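S.K.: Handing over upload.txt, compact mmCIF, C-alpha atoms.
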```
# COMPACT_ATOMS: atom_id res chain seq x y z
CA MET A 1 -18.96 13.43 1.08
CA ILE A 2 -15.76 13.18 -0.99
CA ARG A 3 -14.32 16.09 -2.92
CA LYS A 4 -11.73 16.40 -5.70
CA PRO A 5 -8.08 16.51 -4.64
CA LEU A 6 -5.92 19.54 -4.13
CA VAL A 7 -2.51 19.67 -5.78
CA ARG A 8 -0.79 20.21 -2.42
CA ALA A 9 -2.31 17.35 -0.46
CA ALA A 10 -4.64 14.43 -0.78
CA VAL A 11 -8.31 15.31 -0.67
CA PRO A 12 -10.27 14.78 2.53
CA LEU A 13 -11.79 11.38 1.88
CA ALA A 14 -14.45 10.17 4.25
CA ALA A 15 -14.06 7.08 6.40
CA ALA A 16 -14.77 4.95 3.39
CA LEU A 17 -11.13 5.57 2.56
CA LEU A 18 -9.87 4.38 5.94
CA ALA A 19 -8.97 3.58 3.97
CA LEU A 20 -4.80 -13.84 -8.52
CA ALA A 21 -3.73 -16.43 -7.53
CA PRO A 22 -0.55 -14.96 -6.19
CA SER A 23 2.82 -16.56 -6.63
CA ALA A 24 4.78 -17.04 -3.44
CA ALA A 25 8.28 -15.63 -3.20
CA PRO A 26 10.73 -18.00 -4.89
CA ALA A 27 12.38 -20.45 -2.55
CA ALA A 28 15.74 -18.88 -3.38
CA ASP A 29 14.51 -15.64 -1.81
CA ARG A 30 13.68 -17.35 1.45
CA GLU A 31 16.40 -19.92 1.89
CA GLN A 32 19.76 -18.55 0.75
CA PRO A 33 22.57 -18.93 3.29
CA SER A 34 23.25 -16.00 5.60
CA GLY A 35 25.76 -13.56 4.12
CA GLN A 36 24.80 -14.05 0.46
CA ARG A 37 23.40 -11.08 -1.41
CA SER A 38 19.73 -11.68 -2.06
CA TRP A 39 16.50 -9.93 -2.90
CA THR A 40 14.83 -7.47 -0.53
CA ALA A 41 11.42 -5.91 -1.00
CA ALA A 42 11.96 -2.18 -1.58
CA TRP A 43 8.41 -1.12 -2.43
CA THR A 44 4.95 -2.66 -2.78
CA ALA A 45 1.37 -1.65 -3.50
CA ALA A 46 -1.66 -3.81 -2.78
CA PRO A 47 -3.63 -4.56 -5.99
CA GLN A 48 -7.28 -3.57 -6.33
CA ALA A 49 -9.97 -4.38 -8.87
CA PRO A 50 -10.81 -1.71 -11.47
CA ALA A 51 -13.35 0.71 -10.03
CA HIS A 52 -14.89 4.11 -10.53
CA THR A 53 -13.97 6.43 -7.67
CA ASP A 54 -15.96 9.59 -7.02
CA TRP A 55 -13.23 11.34 -5.01
CA TYR A 56 -10.93 11.61 -8.03
CA PRO A 57 -10.88 10.07 -11.50
CA ASN A 58 -8.65 7.12 -12.38
CA TRP A 59 -7.83 5.17 -15.53
CA SER A 60 -8.56 1.66 -14.27
CA GLU A 61 -11.93 0.98 -15.89
CA ALA A 62 -10.89 2.06 -19.39
CA GLY A 63 -7.41 0.56 -19.26
CA PHE A 64 -4.83 1.41 -21.95
CA GLU A 65 -4.38 1.02 -25.71
CA ASN A 66 -1.34 2.29 -27.65
CA GLN A 67 -0.44 4.26 -24.55
CA THR A 68 2.55 4.64 -22.28
CA VAL A 69 2.03 4.82 -18.52
CA ARG A 70 4.85 6.33 -16.44
CA GLN A 71 4.73 5.80 -12.65
CA VAL A 72 6.92 7.08 -9.82
CA ILE A 73 7.64 5.12 -6.65
CA ARG A 74 10.09 5.46 -3.75
CA ALA A 75 12.45 2.57 -3.10
CA GLY A 76 12.88 1.81 0.60
CA ALA A 77 16.17 -0.07 0.23
CA ALA A 78 19.46 0.30 -1.67
CA GLY A 79 20.76 -2.26 -4.14
CA SER A 80 22.90 -2.86 -7.19
CA GLU A 81 20.11 -4.55 -9.18
CA LEU A 82 16.34 -4.44 -9.18
CA ARG A 83 13.37 -6.39 -10.47
CA VAL A 84 9.79 -5.22 -10.99
CA ARG A 85 6.62 -7.14 -10.12
CA LEU A 86 3.53 -6.67 -12.27
CA SER A 87 0.06 -7.78 -11.20
CA ASN A 88 -2.89 -8.82 -13.34
CA ALA A 89 -4.80 -9.95 -10.27
CA TYR A 90 -8.16 -8.70 -11.54
CA GLY A 91 -7.65 -8.99 -15.29
CA LYS A 92 -10.09 -11.03 -17.36
CA THR A 93 -7.54 -11.72 -20.11
CA PRO A 94 -3.73 -12.03 -20.16
CA LEU A 95 -2.09 -8.60 -19.93
CA ARG A 96 0.00 -7.96 -23.06
CA LEU A 97 2.94 -5.69 -22.30
CA ALA A 98 4.73 -4.36 -25.39
CA GLY A 99 7.65 -2.77 -23.56
CA ALA A 100 8.84 -1.52 -20.18
CA THR A 101 11.68 0.51 -18.70
CA VAL A 102 12.91 1.61 -15.30
CA ALA A 103 14.97 4.70 -14.53
CA LEU A 104 15.96 7.06 -11.76
CA SER A 105 13.36 9.81 -11.40
CA GLU A 106 13.67 13.52 -12.01
CA GLU A 107 10.78 16.01 -11.76
CA GLY A 108 7.30 14.88 -12.75
CA ALA A 109 7.38 12.48 -15.71
CA SER A 110 11.02 13.17 -16.60
CA VAL A 111 13.83 10.73 -15.74
CA ARG A 112 17.56 11.08 -15.19
CA PRO A 113 19.56 10.89 -18.44
CA GLY A 114 21.71 7.80 -18.75
CA THR A 115 19.67 5.74 -16.28
CA VAL A 116 16.93 4.27 -18.50
CA ARG A 117 17.07 0.47 -18.46
CA ALA A 118 14.85 -1.80 -20.56
CA LEU A 119 12.99 -4.38 -18.50
CA ARG A 120 13.02 -7.93 -19.82
CA PHE A 121 10.95 -10.95 -18.95
CA GLY A 122 12.57 -14.29 -19.64
CA GLY A 123 15.09 -12.49 -21.82
CA VAL A 124 12.61 -10.64 -24.05
CA GLY A 125 11.19 -7.14 -23.93
CA THR A 126 7.53 -8.12 -24.19
CA ALA A 127 5.46 -10.08 -21.71
CA ALA A 128 2.08 -11.58 -20.96
CA VAL A 129 0.96 -11.43 -17.34
CA PRO A 130 -1.46 -14.31 -16.76
CA VAL A 131 -5.05 -13.83 -15.69
CA GLY A 132 -5.14 -13.50 -11.91
CA GLY A 133 -1.36 -13.69 -11.70
CA GLU A 134 1.85 -11.81 -11.13
CA LEU A 135 4.99 -11.61 -13.27
CA VAL A 136 8.49 -10.70 -12.11
CA SER A 137 10.97 -9.07 -14.49
CA ASP A 138 14.52 -10.25 -15.05
CA PRO A 139 17.10 -8.40 -12.92
CA ALA A 140 18.00 -4.96 -14.25
CA SER A 141 21.40 -3.47 -13.46
CA LEU A 142 20.56 -0.07 -11.98
CA PRO A 143 22.08 1.05 -8.66
CA VAL A 144 19.34 2.24 -6.33
CA GLU A 145 19.74 4.42 -3.25
CA ALA A 146 17.58 3.89 -0.20
CA PHE A 147 14.63 6.31 -0.34
CA GLY A 148 15.51 7.30 -3.89
CA LYS A 149 12.73 7.59 -6.45
CA LEU A 150 12.31 5.25 -9.40
CA THR A 151 10.19 5.65 -12.52
CA VAL A 152 8.64 2.53 -14.04
CA THR A 153 7.25 3.00 -17.55
CA LEU A 154 4.92 0.51 -19.24
CA TYR A 155 3.83 0.54 -22.88
CA PHE A 156 0.61 -1.19 -23.99
CA ARG A 157 0.14 -1.52 -27.75
CA ALA A 158 -2.91 -3.81 -27.64
CA PRO A 159 -5.90 -3.00 -25.44
CA SER A 160 -5.11 -3.92 -21.85
CA GLY A 161 -8.71 -4.22 -20.72
CA PRO A 162 -9.70 -2.83 -17.31
CA ALA A 163 -6.58 -2.38 -15.22
CA THR A 164 -5.62 -3.87 -11.88
CA PHE A 165 -4.52 -0.81 -9.92
CA HIS A 166 -3.86 0.75 -6.52
CA ASN A 167 -6.19 3.65 -5.89
CA LEU A 168 -4.42 5.88 -3.37
CA ALA A 169 -0.89 6.56 -4.63
CA LEU A 170 -0.49 10.07 -3.17
CA THR A 171 1.76 10.85 -6.13
CA GLY A 172 1.28 11.43 -9.84
CA SER A 173 1.24 8.84 -12.64
CA TYR A 174 1.50 9.99 -16.25
CA ARG A 175 0.12 8.86 -19.60
CA ALA A 176 1.04 9.52 -23.24
CA ALA A 177 -0.20 8.31 -26.62
CA GLY A 178 2.16 5.91 -28.40
CA ASP A 179 5.39 4.37 -27.21
CA HIS A 180 7.41 6.73 -25.02
CA SER A 181 8.83 4.13 -22.69
CA ALA A 182 12.45 5.15 -23.39
CA ASP A 183 11.87 8.93 -23.29
CA VAL A 184 13.97 10.94 -20.86
CA SER A 185 11.91 14.12 -21.04
CA ALA A 186 8.33 14.58 -19.91
CA GLY A 187 7.37 16.27 -23.18
CA ALA A 188 4.94 13.59 -24.39
CA PHE A 189 3.17 13.25 -21.03
CA THR A 190 0.85 16.23 -21.35
CA GLU A 191 -2.33 14.84 -19.70
CA PRO A 192 -3.19 15.76 -16.13
CA PRO A 193 -1.67 13.06 -13.90
CA SER A 194 -3.60 10.26 -12.27
CA LEU A 195 -3.24 9.80 -8.52
CA SER A 196 -3.16 5.98 -8.74
CA TRP A 197 -0.69 3.24 -9.70
CA TYR A 198 -1.46 0.67 -12.43
CA TYR A 199 -0.29 -2.96 -12.58
CA LEU A 200 2.66 -2.29 -10.25
CA ALA A 201 2.80 -4.72 -7.33
CA GLY A 202 6.38 -4.38 -6.14
CA VAL A 203 10.03 -3.59 -6.67
CA ASP A 204 12.77 -5.77 -5.15
CA VAL A 205 16.45 -4.84 -4.93
CA LYS A 206 19.57 -6.97 -4.54
CA GLY A 207 22.52 -5.73 -2.57
CA ARG A 208 22.19 -6.44 1.13
CA PRO A 209 23.49 -9.57 2.83
CA HIS A 210 20.66 -12.04 3.12
CA GLY A 211 19.07 -12.23 6.56
CA ARG A 212 15.95 -14.22 7.19
CA GLY A 213 12.88 -12.02 7.31
CA ASN A 214 14.32 -8.57 6.57
CA THR A 215 11.01 -7.19 5.25
CA VAL A 216 8.41 -5.57 7.50
CA VAL A 217 4.95 -5.38 5.90
CA ALA A 218 2.62 -2.64 7.12
CA PHE A 219 -0.85 -4.06 6.44
CA GLY A 220 -4.12 -2.19 6.84
CA ASP A 221 -6.51 0.44 5.59
CA SER A 222 -6.03 4.15 4.76
CA LEU A 223 -4.22 4.78 8.04
CA THR A 224 -1.51 2.55 6.53
CA ASP A 225 -2.05 3.73 2.95
CA GLY A 226 -1.41 7.26 4.27
CA TYR A 227 -4.52 9.20 3.35
CA GLY A 228 -4.26 12.70 4.84
CA SER A 229 -0.47 12.90 4.60
CA ASP A 230 1.11 15.52 2.35
CA PHE A 231 0.87 14.75 -1.34
CA GLY A 232 4.14 13.56 -2.87
CA ALA A 233 6.05 13.85 0.42
CA ASP A 234 6.27 10.14 1.40
CA THR A 235 5.18 10.84 4.97
CA ARG A 236 2.89 7.85 5.46
CA TYR A 237 3.62 6.01 8.70
CA PRO A 238 5.39 3.08 6.91
CA ASP A 239 7.66 5.64 5.20
CA VAL A 240 8.62 7.19 8.52
CA LEU A 241 9.08 3.77 10.14
CA ALA A 242 11.46 2.79 7.35
CA GLN A 243 13.48 5.96 7.95
CA ARG A 244 13.65 5.19 11.68
CA LEU A 245 15.01 1.72 10.98
CA ALA A 246 17.58 3.09 8.54
CA ALA A 247 18.73 5.71 11.06
CA ALA A 248 19.15 2.94 13.63
CA GLY A 249 21.38 0.98 11.25
CA SER A 250 18.87 -1.85 10.89
CA PRO A 251 18.85 -4.02 7.74
CA ARG A 252 15.04 -4.14 7.87
CA THR A 253 12.93 -2.52 5.17
CA VAL A 254 9.26 -1.54 5.38
CA VAL A 255 6.72 -1.93 2.58
CA ASN A 256 3.14 -0.70 2.48
CA ALA A 257 0.21 -3.10 1.97
CA GLY A 258 -2.53 -0.66 2.97
CA ILE A 259 -5.69 -0.06 0.95
CA GLY A 260 -7.84 2.98 1.66
CA GLY A 261 -11.34 1.98 2.75
CA ASN A 262 -10.35 -1.65 3.31
CA LYS A 263 -12.27 -3.77 5.83
CA LEU A 264 -11.12 -6.77 7.82
CA LEU A 265 -14.21 -8.92 7.34
CA ASN A 266 -15.86 -7.79 4.07
CA GLY A 267 -14.62 -6.62 0.69
CA SER A 268 -16.19 -3.92 -1.46
CA ASP A 269 -16.23 -2.72 -5.06
CA CYS A 270 -14.05 0.33 -4.37
CA PHE A 271 -11.84 -0.66 -1.45
CA GLY A 272 -10.46 -4.06 -2.24
CA GLU A 273 -11.00 -7.56 -1.03
CA SER A 274 -11.30 -8.04 2.71
CA ALA A 275 -8.14 -8.29 4.78
CA LEU A 276 -8.99 -11.94 5.39
CA ALA A 277 -9.05 -12.60 1.64
CA ARG A 278 -5.95 -10.62 0.62
CA PHE A 279 -3.60 -11.13 3.60
CA ARG A 280 -1.64 -14.01 2.13
CA ARG A 281 -1.07 -12.32 -1.23
CA ASP A 282 -0.37 -8.80 0.02
CA ALA A 283 1.55 -9.60 3.20
CA LEU A 284 2.78 -13.16 3.56
CA ASP A 285 3.84 -13.66 -0.07
CA ARG A 286 6.02 -10.55 -0.24
CA THR A 287 9.76 -10.99 -0.66
CA ASP A 288 11.60 -12.01 2.53
CA VAL A 289 8.79 -11.00 4.93
CA GLY A 290 9.60 -11.46 8.61
CA THR A 291 7.12 -9.21 10.44
CA VAL A 292 3.67 -7.77 9.76
CA VAL A 293 2.27 -4.68 11.51
CA LEU A 294 -1.50 -5.13 11.43
CA LEU A 295 -3.84 -2.11 11.65
CA GLU A 296 -7.36 -3.04 10.55
CA GLY A 297 -10.91 -2.71 11.86
CA THR A 298 -11.81 0.98 11.62
CA ASN A 299 -13.89 0.56 8.48
CA ASP A 300 -15.70 -2.51 9.83
CA ILE A 301 -16.83 -0.24 12.68
CA VAL A 302 -17.56 2.94 10.70
CA GLN A 303 -18.91 1.90 7.31
CA PRO A 304 -22.20 0.39 8.59
CA ASP A 305 -23.12 3.97 9.52
CA GLU A 306 -22.06 5.30 6.10
CA PRO A 307 -24.03 3.23 3.55
CA GLY A 308 -23.29 3.60 -0.15
CA ARG A 309 -22.07 1.91 -3.29
CA CYS A 310 -18.45 1.83 -2.19
CA THR A 311 -18.98 0.70 1.40
CA ALA A 312 -21.40 -2.18 0.79
CA PRO A 313 -21.56 -4.79 2.15
CA ALA A 314 -21.08 -3.37 5.63
CA PRO A 315 -23.03 -5.31 8.27
CA LYS A 316 -22.79 -4.07 11.83
CA VAL A 317 -20.12 -6.05 13.65
CA THR A 318 -19.21 -6.69 17.25
CA ALA A 319 -15.81 -6.48 18.88
CA GLN A 320 -15.85 -10.29 18.98
CA ASP A 321 -16.34 -10.43 15.21
CA ILE A 322 -13.30 -8.21 14.69
CA THR A 323 -11.05 -9.97 17.17
CA ALA A 324 -11.94 -13.33 15.64
CA GLY A 325 -10.85 -12.01 12.26
CA LEU A 326 -7.62 -10.65 13.71
CA ARG A 327 -6.90 -14.01 15.34
CA GLN A 328 -7.31 -15.69 11.96
CA LEU A 329 -4.69 -13.39 10.41
CA ILE A 330 -2.32 -13.94 13.32
CA GLY A 331 -2.69 -17.70 12.89
CA GLU A 332 -1.94 -17.51 9.16
CA ALA A 333 1.19 -15.47 9.81
CA ARG A 334 2.43 -17.78 12.56
CA ALA A 335 1.96 -20.77 10.28
CA ARG A 336 4.44 -19.10 7.90
CA GLY A 337 6.90 -18.21 10.69
CA VAL A 338 6.05 -14.51 10.46
CA ARG A 339 5.81 -12.26 13.53
CA VAL A 340 2.75 -10.00 13.96
CA LEU A 341 2.49 -6.67 15.78
CA GLY A 342 -1.03 -5.43 16.45
CA ALA A 343 -1.90 -1.73 16.27
CA THR A 344 -4.80 -0.29 18.22
CA ILE A 345 -7.49 1.71 16.38
CA PRO A 346 -7.23 5.51 16.71
CA PRO A 347 -10.26 7.58 17.78
CA TYR A 348 -12.63 9.21 15.33
CA GLN A 349 -15.09 11.31 17.34
CA GLY A 350 -15.67 14.47 15.33
CA TYR A 351 -16.09 12.57 12.11
CA GLY A 352 -19.59 12.88 10.68
CA HIS A 353 -20.44 9.18 11.07
CA TRP A 354 -19.18 8.69 14.62
CA THR A 355 -21.61 6.79 16.88
CA GLU A 356 -21.60 5.69 20.49
CA ARG A 357 -22.00 2.09 19.33
CA GLY A 358 -18.91 2.38 17.16
CA GLU A 359 -16.94 3.92 20.00
CA ARG A 360 -17.83 1.02 22.30
CA VAL A 361 -16.71 -1.51 19.72
CA ARG A 362 -13.46 0.38 19.09
CA ASN A 363 -12.62 0.51 22.79
CA GLU A 364 -13.39 -3.20 23.26
CA VAL A 365 -11.17 -4.15 20.31
CA ASN A 366 -8.36 -1.96 21.58
CA GLN A 367 -8.55 -3.49 25.04
CA TRP A 368 -8.26 -6.95 23.49
CA ILE A 369 -5.27 -5.91 21.37
CA ARG A 370 -3.48 -4.54 24.45
CA ALA A 371 -4.30 -7.33 26.88
CA SER A 372 -4.89 -10.57 24.98
CA GLY A 373 -1.25 -11.53 24.40
CA ALA A 374 -2.25 -12.69 20.93
CA TYR A 375 0.41 -10.57 19.21
CA ASP A 376 4.20 -10.56 19.33
CA GLY A 377 3.98 -6.89 20.28
CA VAL A 378 1.53 -3.98 20.40
CA VAL A 379 1.69 -0.62 18.65
CA ASP A 380 -0.61 1.65 20.63
CA ALA A 381 -1.64 3.94 17.79
CA ASP A 382 -4.68 5.05 19.78
CA ARG A 383 -2.70 6.43 22.71
CA ALA A 384 -0.03 7.85 20.41
CA VAL A 385 -2.44 10.24 18.67
CA ALA A 386 -5.50 10.52 20.93
CA ASP A 387 -6.87 13.42 22.92
CA GLY A 388 -9.59 11.53 24.78
CA PRO A 389 -12.07 10.23 22.20
CA ARG A 390 -10.67 12.48 19.45
CA ILE A 391 -7.44 12.72 17.51
CA ARG A 392 -5.18 15.42 18.94
CA LYS A 393 -5.56 18.67 17.03
CA GLU A 394 -1.94 18.74 15.87
CA PHE A 395 -2.23 15.20 14.48
CA ALA A 396 -5.72 15.35 12.93
CA PHE A 397 -6.54 15.65 9.27
CA THR A 398 -9.54 17.84 8.47
CA ASP A 399 -12.10 15.00 8.41
CA GLY A 400 -11.55 13.98 12.04
CA ILE A 401 -10.82 10.34 11.28
CA HIS A 402 -7.52 10.41 9.39
CA LEU A 403 -4.12 11.65 10.47
CA ASN A 404 -1.98 14.37 8.94
CA SER A 405 1.74 13.94 8.30
CA ALA A 406 2.58 14.81 11.91
CA GLY A 407 0.07 12.23 13.10
CA TYR A 408 1.57 9.52 10.92
CA ARG A 409 5.00 10.38 12.31
CA ALA A 410 3.62 9.97 15.83
CA LEU A 411 2.17 6.60 14.87
CA ALA A 412 5.50 5.44 13.39
CA GLU A 413 7.34 6.61 16.51
CA ALA A 414 5.02 4.48 18.65
CA VAL A 415 6.52 1.32 17.09
CA ASP A 416 9.12 -0.37 19.29
CA LEU A 417 11.90 -1.16 16.81
CA ASP A 418 13.14 -4.02 19.00
CA ARG A 419 9.76 -5.76 18.53
CA LEU A 420 10.14 -5.83 14.76
```
Kindly transcribe the structure held in the file into structure tokens.

M.R.:
Amino acid sequence: MIRKPLVRAAVPLAAALLALAPSAAPAADREQPSGQRSWTAAWTAAPQAPAHTDWYPNWSEAGFENQTVRQVIRAGAAGSELRVRLSNAYGKTPLRLAGATVALSEEGASVRPGTVRALRFGGVGTAAVPVGGELVSDPASLPVEAFGKLTVTLYFRAPSGPATFHNLALTGSYRAAGDHSADVSAGAFTEPPSLSWYYLAGVDVKGRPHGRGNTVVAFGDSLTDGYGSDFGADTRYPDVLAQRLAAAGSPRTVVNAGIGGNKLLNGSDCFGESALARFRRDALDRTDVGTVVLLEGTNDIVQPDEPGRCTAPAPKVTAQDITAGLRQLIGEARARGVRVLGATIPPYQGYGHWTERGERVRNEVNQWIRASGAYDGVVDADRAVADGPRIRKEFAFTDGIHLNSAGYRALAEAVDLDRL
């Protein structure tokens, strides 16, 4: 069902990849007077519990001991300073961090000379991330360009235990024995890269005038996480949406809170807690959030027809079950003063687990999203990429249920920027 990845692009995952006690953003992030420079979310990843994944190996179950982990991310906003968020959401013991750095990226595991900055936590270079919690570094003085790549390097001397991680990074992470956190070259990082991120929950930058609710959170499953887009190219739909906003001169940034395989109503061992369970942590508690774009429900429809270790539990659901769950998320966002745009569910006929029942449920949910008035705006992802009950050929990834990079661009272009 799921094969190993190619170097060029992410592997064709099946629909299963349609794929803490979190601390809220500090009050200073939310309430500074207009015009002051404040923190903006530049990048996020939704944490997942350690899990074995058949489609490609990851390091989460074993964790790390006397090892350095070097990870590359793309910052979606410019700033003069940055801070890094680490998550131990699924750790069973405090996470002992022996050292950390951040730098501007070069090729692979190498970084730009002269840009390595030590990360400190409360003024010291070591840290303990509490069980189930998140820790934010002190500000680091490193000018960041919008859409520039950053490398965050973490060194674990003591055993970390199984690692909180994000499965579908669509880029390489690197590992070396010993402490190589300050290395500029990639020489020590000789292992084949992992295609996941570990312990990283977010990067914030400071530099823009504060404006209430500058962050747009794209929340969903693998259609948000970007499965099927070109490996290492940053062509997920949230990436393209962020570029559209920048081209329009908007101060808004877009961060990605998708998890491949995620369901609205039920969690699973491989694909994260349900959207209902993780929405507050992964969307509403992000720095300076003002709008959420919500695209969930495909896996609730599909996974009951694709039973397995990673999809369970997956009871068959009705359109009313899904819309009730979506209403709950909308209510939680409104209670926090956050706008919500609802995205319709794209077609998936041609995928091996398509059923007429699933198609009926999908169409009923989409009709509700378009006509209910429950959202502050609608993103009609279905009509943007559909050719009848299938994804248009030029937008379809090989599995018939995911989009390719062109399809994700079409989805991003279906977002009305004025609604954000």

S.K.: Compile a residue-level contact table for stretch 260-309 of chain A against stretch 161-185 of chain A at a cut-off of 10 Å, reporting for every qualifying residue the shortest atom pair and its distance in Å to one decimal, with only C-alpha atoms counted, rows ordered by chain and ascending number, as a Markdown table.

M.R.:
```
| residue | atom | partner | partner_atom | distance |
| --- | --- | --- | --- | --- |
| A:Gly260 | CA | A:Leu168 | CA | 6.7 |
| A:Cys270 | CA | A:Asn167 | CA | 8.7 |
| A:Phe271 | CA | A:Asn167 | CA | 8.4 |
| A:Gly272 | CA | A:His166 | CA | 9.2 |
```

S.K.: For stretch 127-137 of chain A, list every protein, DNA or RNA residue within 7 Å, evaluated using all atoms listed in the file, and leave out those in the same chain fewer than 6 positions away; present the list as a ChimeraX atom specification.

M.R.: /A:20-23,83-98,119-121

S.K.: Can I get the residues of stretch 223-271 of chain A within 12 Å of stretch 371-383 of chain A, each with the closest pair of atoms and their distance in Å to one decimal, using all atoms listed in the file, sorted chain first then ascending number, as a Markdown table?

M.R.:
```
| residue | atom | partner | partner_atom | distance |
| --- | --- | --- | --- | --- |
| A:Leu223 | CA | A:Ala381 | CA | 10.1 |
| A:Thr224 | CA | A:Ala381 | CA | 11.3 |
| A:Tyr237 | CA | A:Ala381 | CA | 10.7 |
```

S.K.: Can you tell me which residues surround stretch 108-118 of chain A at a distance of at most 10 Å, considering all atoms listed in the file, apart from same-chain residues fewer than 6 positions away, and format the answer as a VMD selection string?

M.R.: chain A and resid 69 to 72 99 to 102 124 to 125 140 to 143 149 to 153 171 to 175 181 to 190 193

S.K.: Could you check the closest approach to A:Ala324 for each of A:Asn66, A:Ala46, A:Leu276, A:Ser405 and tell me which residue wins, using only C-alpha atoms?

M.R.: A:Leu276

S.K.: Which residue out of A:Ala406, A:Leu154, A:Phe147, A:Glu332 has the minimum interatomic distance to A:Leu200 when all atoms listed in the file are used?

M.R.: A:Leu154

S.K.: With only C-alpha atoms as the basis for distance, which of A:Ala233, A:Ala319, A:Val292, A:Val302 is at the shortest distance from A:Arg280?

M.R.: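 Smallest separation from A:Arg280 among the options: A:Val292.
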
S.K.: Could you tell me how far atom CA of A:Pro346 sits from atom CA of A:Ala277, in Å to one decimal place?

M.R.: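 Result for atom CA of A:Ala277 versus atom CA of A:Pro346: 23.6 Å, one decimal.
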
S.K.: Starting from the sparse input, extend stretch 57-62 of chain A to all heavy atoms and give the output as an mmCIF file, in the frame of the given file.

M.R.:
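The resulting file, selection_22.cif, is shown below:
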```cif
data_model
loop_
_atom_site.group_PDB
_atom_site.id
_atom_site.type_symbol
_atom_site.label_atom_id
_atom_site.label_comp_id
_atom_site.auth_asym_id
_atom_site.auth_seq_id
_atom_site.Cartn_x
_atom_site.Cartn_y
_atom_site.Cartn_z
ATOM 1 N N PRO A 57 -10.804 11.019 -10.387
ATOM 2 C CA PRO A 57 -10.880 10.070 -11.500
ATOM 3 C C PRO A 57 -9.634 9.201 -11.556
ATOM 4 O O PRO A 57 -8.552 9.582 -11.120
ATOM 5 C CB PRO A 57 -10.984 10.962 -12.725
ATOM 6 C CG PRO A 57 -10.371 12.256 -12.304
ATOM 7 C CD PRO A 57 -10.681 12.407 -10.845
ATOM 8 N N ASN A 58 -9.807 7.988 -12.117
ATOM 9 C CA ASN A 58 -8.650 7.120 -12.380
ATOM 10 C C ASN A 58 -8.857 6.441 -13.731
ATOM 11 O O ASN A 58 -9.917 6.517 -14.324
ATOM 12 C CB ASN A 58 -8.455 6.116 -11.236
ATOM 13 C CG ASN A 58 -9.513 5.042 -11.194
ATOM 14 O OD1 ASN A 58 -9.521 4.120 -12.015
ATOM 15 N ND2 ASN A 58 -10.440 5.137 -10.239
ATOM 16 N N TRP A 59 -7.827 5.769 -14.187
ATOM 17 C CA TRP A 59 -7.830 5.170 -15.530
ATOM 18 C C TRP A 59 -8.116 3.677 -15.507
ATOM 19 O O TRP A 59 -7.987 3.005 -16.538
ATOM 20 C CB TRP A 59 -6.476 5.400 -16.192
ATOM 21 C CG TRP A 59 -6.072 6.833 -16.320
ATOM 22 C CD1 TRP A 59 -6.889 7.912 -16.516
ATOM 23 C CD2 TRP A 59 -4.736 7.355 -16.290
ATOM 24 N NE1 TRP A 59 -6.152 9.068 -16.608
ATOM 25 C CE2 TRP A 59 -4.828 8.768 -16.469
ATOM 26 C CE3 TRP A 59 -3.474 6.779 -16.139
ATOM 27 C CZ2 TRP A 59 -3.698 9.596 -16.485
ATOM 28 C CZ3 TRP A 59 -2.348 7.606 -16.163
ATOM 29 C CH2 TRP A 59 -2.462 8.989 -16.331
ATOM 30 N N SER A 60 -8.512 3.120 -14.386
ATOM 31 C CA SER A 60 -8.560 1.660 -14.270
ATOM 32 C C SER A 60 -9.649 1.020 -15.107
ATOM 33 O O SER A 60 -9.441 -0.049 -15.675
ATOM 34 C CB SER A 60 -8.728 1.256 -12.802
ATOM 35 O OG SER A 60 -9.997 1.639 -12.302
ATOM 36 N N GLU A 61 -10.819 1.627 -15.170
ATOM 37 C CA GLU A 61 -11.930 0.980 -15.890
ATOM 38 C C GLU A 61 -11.683 0.946 -17.389
ATOM 39 O O GLU A 61 -11.985 -0.050 -18.044
ATOM 40 C CB GLU A 61 -13.234 1.700 -15.567
ATOM 41 C CG GLU A 61 -13.708 1.484 -14.137
ATOM 42 C CD GLU A 61 -15.054 2.119 -13.879
ATOM 43 O OE1 GLU A 61 -15.183 3.353 -14.057
ATOM 44 O OE2 GLU A 61 -15.991 1.391 -13.497
ATOM 45 N N ALA A 62 -11.135 2.013 -17.953
ATOM 46 C CA ALA A 62 -10.890 2.060 -19.390
ATOM 47 C C ALA A 62 -9.652 1.263 -19.781
ATOM 48 O O ALA A 62 -9.590 0.703 -20.881
ATOM 49 C CB ALA A 62 -10.743 3.508 -19.848
#
```
